[in-house]
Amino acid sequence: MLSGTEGGRTSPELDADVEIAAALWRITGEPGEAVPVLARVLAKAGPQWMRRTLGRAARAAAGIGAPARPLVPALEGLLAGRAPVPAVLLALHAIAPDCLDAPRAAGLLLDAVERDDDTGTALEALAALGPAVVGEDGRRRLTALAERDLRVCTSGLQGGLVPGDERLRERIRETVRRLSTDRPAYA
């Protein structure tokens, strides 16, 4: 079922490989088959059109957790390129939190939220990092984003942009609430 290793594989083939790797992990609970498949997909980092596929592979690696530790160098290498930063940081946090520069990760994730770059995953990763890492400045940045007049969402269908933006603002507010340790940000 897996695509071959020779020649150029297409994005749909790589997406299928990611899904097969995730299914192998869910079925067997053994990383021996899934991790090498994800490693092959992550090694294909390159053009901008691979962004979604790399994000799917990173999320699959996050689902495996610590047994996917051999993927850490490949994931760290993606941070230097045009990879989906929120998914990669979420994966690194799930796989090897001890190897993650958490303050730098929080800054990159906050930047991603402000750019509307995979905002849902960035908010999930910020919540996983926790209030001590995100800090008051991070909560302040998120609050400012949720309350500003300009739209948070930068793209979408015309009829769904405003409702989608409001849902995203509420997700940001919920993340701020989760990251607030001593007082609620929104009552």
# chains A, B, ... in the order shown; residues from 1 in each chain; ligands from 1
>>> residues_around(residues="A:Ala62", least_positions_apart="2", cutoff="9 Å", atoms="only C-alpha atoms", output="ChimeraX atom specification")
/A:57-60,64-66,68,87-88,90-95
>>> residues_around(residues="A:Val37", least_positions_apart="2", cutoff="12 Å", atoms="only C-alpha atoms", output="PyMOL selection string")
chain A and resi 1-5+13-25+31-35+39-44+57-58+60-61+68+70-71
>>> write_last_selection(atoms="C-alpha atoms", output="PDB file, in the first residue's frame")
ATOM      1  CA  MET A   1       0.000   0.000   0.000  1.00  0.00           C
ATOM      2  CA  LEU A   2       2.938   2.355   0.562  1.00  0.00           C
ATOM      3  CA  SER A   3       4.276   4.357  -2.353  1.00  0.00           C
ATOM      4  CA  GLY A   4       7.654   3.379  -3.726  1.00  0.00           C
ATOM      5  CA  THR A   5      10.879   4.978  -2.625  1.00  0.00           C
ATOM      6  CA  GLU A  13       1.066   9.488  -2.497  1.00  0.00           C
ATOM      7  CA  LEU A  14       2.959  11.008   0.429  1.00  0.00           C
ATOM      8  CA  ASP A  15      -0.340  11.936   2.125  1.00  0.00           C
ATOM      9  CA  ALA A  16      -1.440   8.318   1.761  1.00  0.00           C
ATOM     10  CA  ASP A  17       1.857   7.161   3.274  1.00  0.00           C
ATOM     11  CA  VAL A  18       1.246   9.435   6.286  1.00  0.00           C
ATOM     12  CA  GLU A  19      -2.244   8.008   6.759  1.00  0.00           C
ATOM     13  CA  ILE A  20      -0.922   4.451   6.488  1.00  0.00           C
ATOM     14  CA  ALA A  21       1.822   5.194   9.024  1.00  0.00           C
ATOM     15  CA  ALA A  22      -0.739   6.678  11.439  1.00  0.00           C
ATOM     16  CA  ALA A  23      -3.001   3.647  10.946  1.00  0.00           C
ATOM     17  CA  LEU A  24      -0.100   1.247  11.548  1.00  0.00           C
ATOM     18  CA  TRP A  25       0.653   3.045  14.806  1.00  0.00           C
ATOM     19  CA  PRO A  31       6.713   2.492  16.005  1.00  0.00           C
ATOM     20  CA  GLY A  32       8.894   0.088  13.998  1.00  0.00           C
ATOM     21  CA  GLU A  33       6.785   0.359  10.843  1.00  0.00           C
ATOM     22  CA  ALA A  34       5.288   3.844  11.200  1.00  0.00           C
ATOM     23  CA  VAL A  35       8.365   5.911  12.087  1.00  0.00           C
ATOM     24  CA  ALA A  39      10.919   9.729   8.115  1.00  0.00           C
ATOM     25  CA  ARG A  40      10.712   9.178   4.339  1.00  0.00           C
ATOM     26  CA  VAL A  41       7.894  11.707   4.056  1.00  0.00           C
ATOM     27  CA  LEU A  42       9.691  14.287   6.211  1.00  0.00           C
ATOM     28  CA  ALA A  43      12.816  13.845   4.082  1.00  0.00           C
ATOM     29  CA  LYS A  44      10.843  15.143   1.105  1.00  0.00           C
ATOM     30  CA  ALA A  57       3.394  13.974   8.858  1.00  0.00           C
ATOM     31  CA  ALA A  58       4.366  16.132  11.843  1.00  0.00           C
ATOM     32  CA  ALA A  60       1.136  11.936  12.866  1.00  0.00           C
ATOM     33  CA  ALA A  61       4.529  11.961  14.590  1.00  0.00           C
ATOM     34  CA  ALA A  68       8.976   8.749  17.350  1.00  0.00           C
ATOM     35  CA  PRO A  70      14.256   9.205  15.821  1.00  0.00           C
ATOM     36  CA  LEU A  71      12.295  11.850  13.857  1.00  0.00           C
TER      37      LEU A  71
END
>>> atom_distance(atom1="atom CA of A:Pro36", atom2="atom CA of A:Gly63")
14.8 Å
>>> closest_residue(among="A:Cys99, A:Arg141, A:Ala125, A:Pro131", to="A:Asp111", atoms="only C-alpha atoms")
A:Arg141
>>> atom_distance(atom1="atom CA of A:Gly29", atom2="atom CA of A:Ala96")
18.2 Å
>>> residues_around(residues="A:Leu126", least_positions_apart="2", cutoff="10 Å", atoms="only C-alpha atoms", output="MDAnalysis selection string")
chainID A and resid 86 89:90 102 105:110 113 120:124 128:131 133:134 138 175:176 178:179
>>> closest_residue(among="A:Arg177, A:Gly81, A:Arg26, A:Glu76", to="A:Asp101", atoms="only C-alpha atoms")
A:Glu76
>>> atom_distance(atom1="atom CA of A:Ile172", atom2="atom CA of A:Thr143")
7.5 Å
